[in-house]
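Participant: Take a look at this one; I'll ask things after.
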Amino acid sequence: MEQPGYDAVADLYVRTFPSPYLTVLERHAVEMFTDLVHTGPETGVVVDVGCGPGQITADLAGAGLDVIGIDPSTEMLRIARAEYPHLRFVLGDAALDALPGVTVRAILARYSLIHVPPTNIPEVLDHWSGLLQPGSIVAIAGQSTDEADAVTEFDHAVAPAWRWHPDRLAAALSDAGFDEIWRTVSRPDADHRFPDVHITARRR
């Protein structure tokens with residue numbers, strides 16, 4: 001079945017998921033990321049990669065962070081800009097090529113790197129590493145797998161997507177110059193078909 005892409009489902013997505021947090025854990029993971037950012041480098045912007053309709057971007061701004069949301073979907077950004085006109089949203093992808101000259105303080109990527117082909121992930125993380133100062137924080141969340149060292153494509157309803165074993169994702173971060181601080185792995189439930197992983201790391 002052909003996948004429609006986020007432009008085609010943006011309005012339906014917002015109606016289906018009025019909150020970006022399906023669990024208390026997801027909310028707390030963003031709050032813990034925010035707390036760590038406040039203890040790291042003090043200059044630059046926090047980038048919300050794959051910001052979608054902008055709710056997390058708004059939460060980061062509400063926590064006192066200078067933030068930019070970036071997303072490849074023009075329709076998602078249309079919704080974000082209408083809902084949060086006081087915030088900055090940029091059309092672009094995880095490579096962050098749309099932010100030339102921007103000093104980046106930290107990066108959050110919730111359920112967005114799952115759509116980057118696995119062969120491109122090392123390049124993306126290396127680029128992030130080059131943008132960030134030592135001590136900067138990166139947090140990644142996505143669907144996971146219990147199969148050791150695996151990266152598995154799965155039948156995402158909207159766009160091609162891959163699930164990473166937590167150890168494999170942590171190793172990719174380490175190879176790019178990041179040290180893992182903490183991770184959570186949650187089990188499938190009524191709202192999650194697969195395990196979910198949240199990993200937060202610091203630029204060494």
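If you're wondering about the labels, chains in the structure tokens are A, B, ... by order shown, residues count from 1 in each chain, ligands from 1 in order shown.
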Which of stretch 102-197 of chain A end up as strand (DSSP E) when DSSP is run on this backbone - answer as number ranges by chain?
Facilitator: A: 104-110, 137-143, 151-154, 161-164, 178-186, 196-197
Participant: Output C-alpha atoms for every residue in the selection just made, as an mmCIF file, in the first residue's frame.
Facilitator:
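Listed below is the output, part-v2.cif:
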data_model
loop_
_atom_site.group_PDB
_atom_site.id
_atom_site.type_symbol
_atom_site.label_atom_id
_atom_site.label_comp_id
_atom_site.auth_asym_id
_atom_site.auth_seq_id
_atom_site.Cartn_x
_atom_site.Cartn_y
_atom_site.Cartn_z
ATOM 1 C CA VAL A 104 22.508 25.148 17.892
ATOM 2 C CA ARG A 105 22.270 24.608 21.631
ATOM 3 C CA ALA A 106 20.487 21.223 21.705
ATOM 4 C CA ILE A 107 18.469 18.904 19.469
ATOM 5 C CA LEU A 108 15.256 16.998 20.134
ATOM 6 C CA ALA A 109 14.028 14.413 17.616
ATOM 7 C CA ARG A 110 10.828 12.693 18.705
ATOM 8 C CA ILE A 137 22.168 17.597 24.728
ATOM 9 C CA VAL A 138 20.522 15.429 22.081
ATOM 10 C CA ALA A 139 17.365 13.408 22.698
ATOM 11 C CA ILE A 140 15.864 10.864 20.301
ATOM 12 C CA ALA A 141 12.641 8.883 20.593
ATOM 13 C CA GLY A 142 11.147 6.294 18.294
ATOM 14 C CA GLN A 143 9.680 2.882 17.840
ATOM 15 C CA VAL A 151 17.237 -1.961 12.417
ATOM 16 C CA THR A 152 13.904 -3.075 10.996
ATOM 17 C CA GLU A 153 11.620 -1.382 8.476
ATOM 18 C CA PHE A 154 7.984 -1.413 9.549
ATOM 19 C CA ALA A 161 9.990 4.105 8.776
ATOM 20 C CA TRP A 162 12.489 2.006 10.689
ATOM 21 C CA ARG A 163 12.708 0.661 14.244
ATOM 22 C CA TRP A 164 16.101 0.648 15.991
ATOM 23 C CA PHE A 178 27.734 11.528 22.031
ATOM 24 C CA ASP A 179 27.725 9.828 25.425
ATOM 25 C CA GLU A 180 24.449 8.299 26.539
ATOM 26 C CA ILE A 181 23.026 9.797 29.747
ATOM 27 C CA TRP A 182 19.844 7.771 30.114
ATOM 28 C CA ARG A 183 17.343 5.718 28.179
ATOM 29 C CA THR A 184 13.873 4.325 28.675
ATOM 30 C CA VAL A 185 12.300 1.391 26.859
ATOM 31 C CA SER A 186 8.548 0.994 27.207
ATOM 32 C CA ASP A 196 9.399 2.645 22.320
ATOM 33 C CA VAL A 197 12.838 3.969 23.151
#
Participant: List the neighbours of A:Thr57 out to 12 Å using only C-alpha atoms; skip same-chain residues closer than 2 positions along the sequence, and give me the result as a ChimeraX atom specification.
Facilitator: /A:20,30,34,45-55,59-71,77,80-81,83-90,107-110
Participant: With DSSP run on the backbone, what are the alpha helix (DSSP H) residues within stretch 32-181 of chain A? I'd like them as a ChimeraX atom specification.
Facilitator: /A:32-39,55-62,74-83,121-131,166-175
Participant: Write out, as a tab-separated table, each residue of stretch 7-76 of chain A that has an atom at most 10 Å from stretch 131-134 of chain A, together with the closest pair of atoms and their distance in Å to one decimal, counting only C-alpha atoms, rows going by chain and rising number.
Facilitator:
residue	atom	partner	partner_atom	distance
A:Gly40	CA	A:Pro134	CA	8.7
A:Pro41	CA	A:Gln133	CA	7.2
A:Thr43	CA	A:Gln133	CA	9.7
A:Gly44	CA	A:Leu132	CA	9.4
Participant: Considering only C-alpha atoms, can you say which of A:His38, A:Asp97, A:Glu31, A:Ala8 comes closest to A:Glu75?
Facilitator: A:Ala8
Participant: Got a sec: who's within 10 Å of A:Ser19, counting only C-alpha atoms, leaving out chain neighbours fewer than 4 positions off, as number ranges by chain?
Facilitator: A: 14-15, 23, 55-56
Participant: Just to confirm, what's the straight-line distance from atom CA of A:Asp146 to atom CA of A:Leu169 in Å (one decimal)?
Facilitator: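 Separation between atom CA of A:Asp146 and atom CA of A:Leu169: 12.4 Å.
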Participant: Report, in Å to a single decimal, how far apart atom CA of A:Met76 and atom CA of A:Pro18 are.
Facilitator: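 Calculated distance between atom CA of A:Pro18 and atom CA of A:Met76 is 13.3 Å.
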Participant: Would you please work out which residue, of A:Ile79, A:Leu91, A:Ala150, A:Leu96, is nearest to A:Tyr13 when using only C-alpha atoms?
Facilitator: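 Closest to A:Tyr13 of all the choices is A:Ile79.
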Participant: Of the candidates A:Arg78, A:Asp189, A:Val116, A:Thr200, which one gets nearest to A:Asp11 if we count only C-alpha atoms?
Facilitator: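 Using only C-alpha atoms, the shortest distance to A:Asp11 belongs to A:Arg78.
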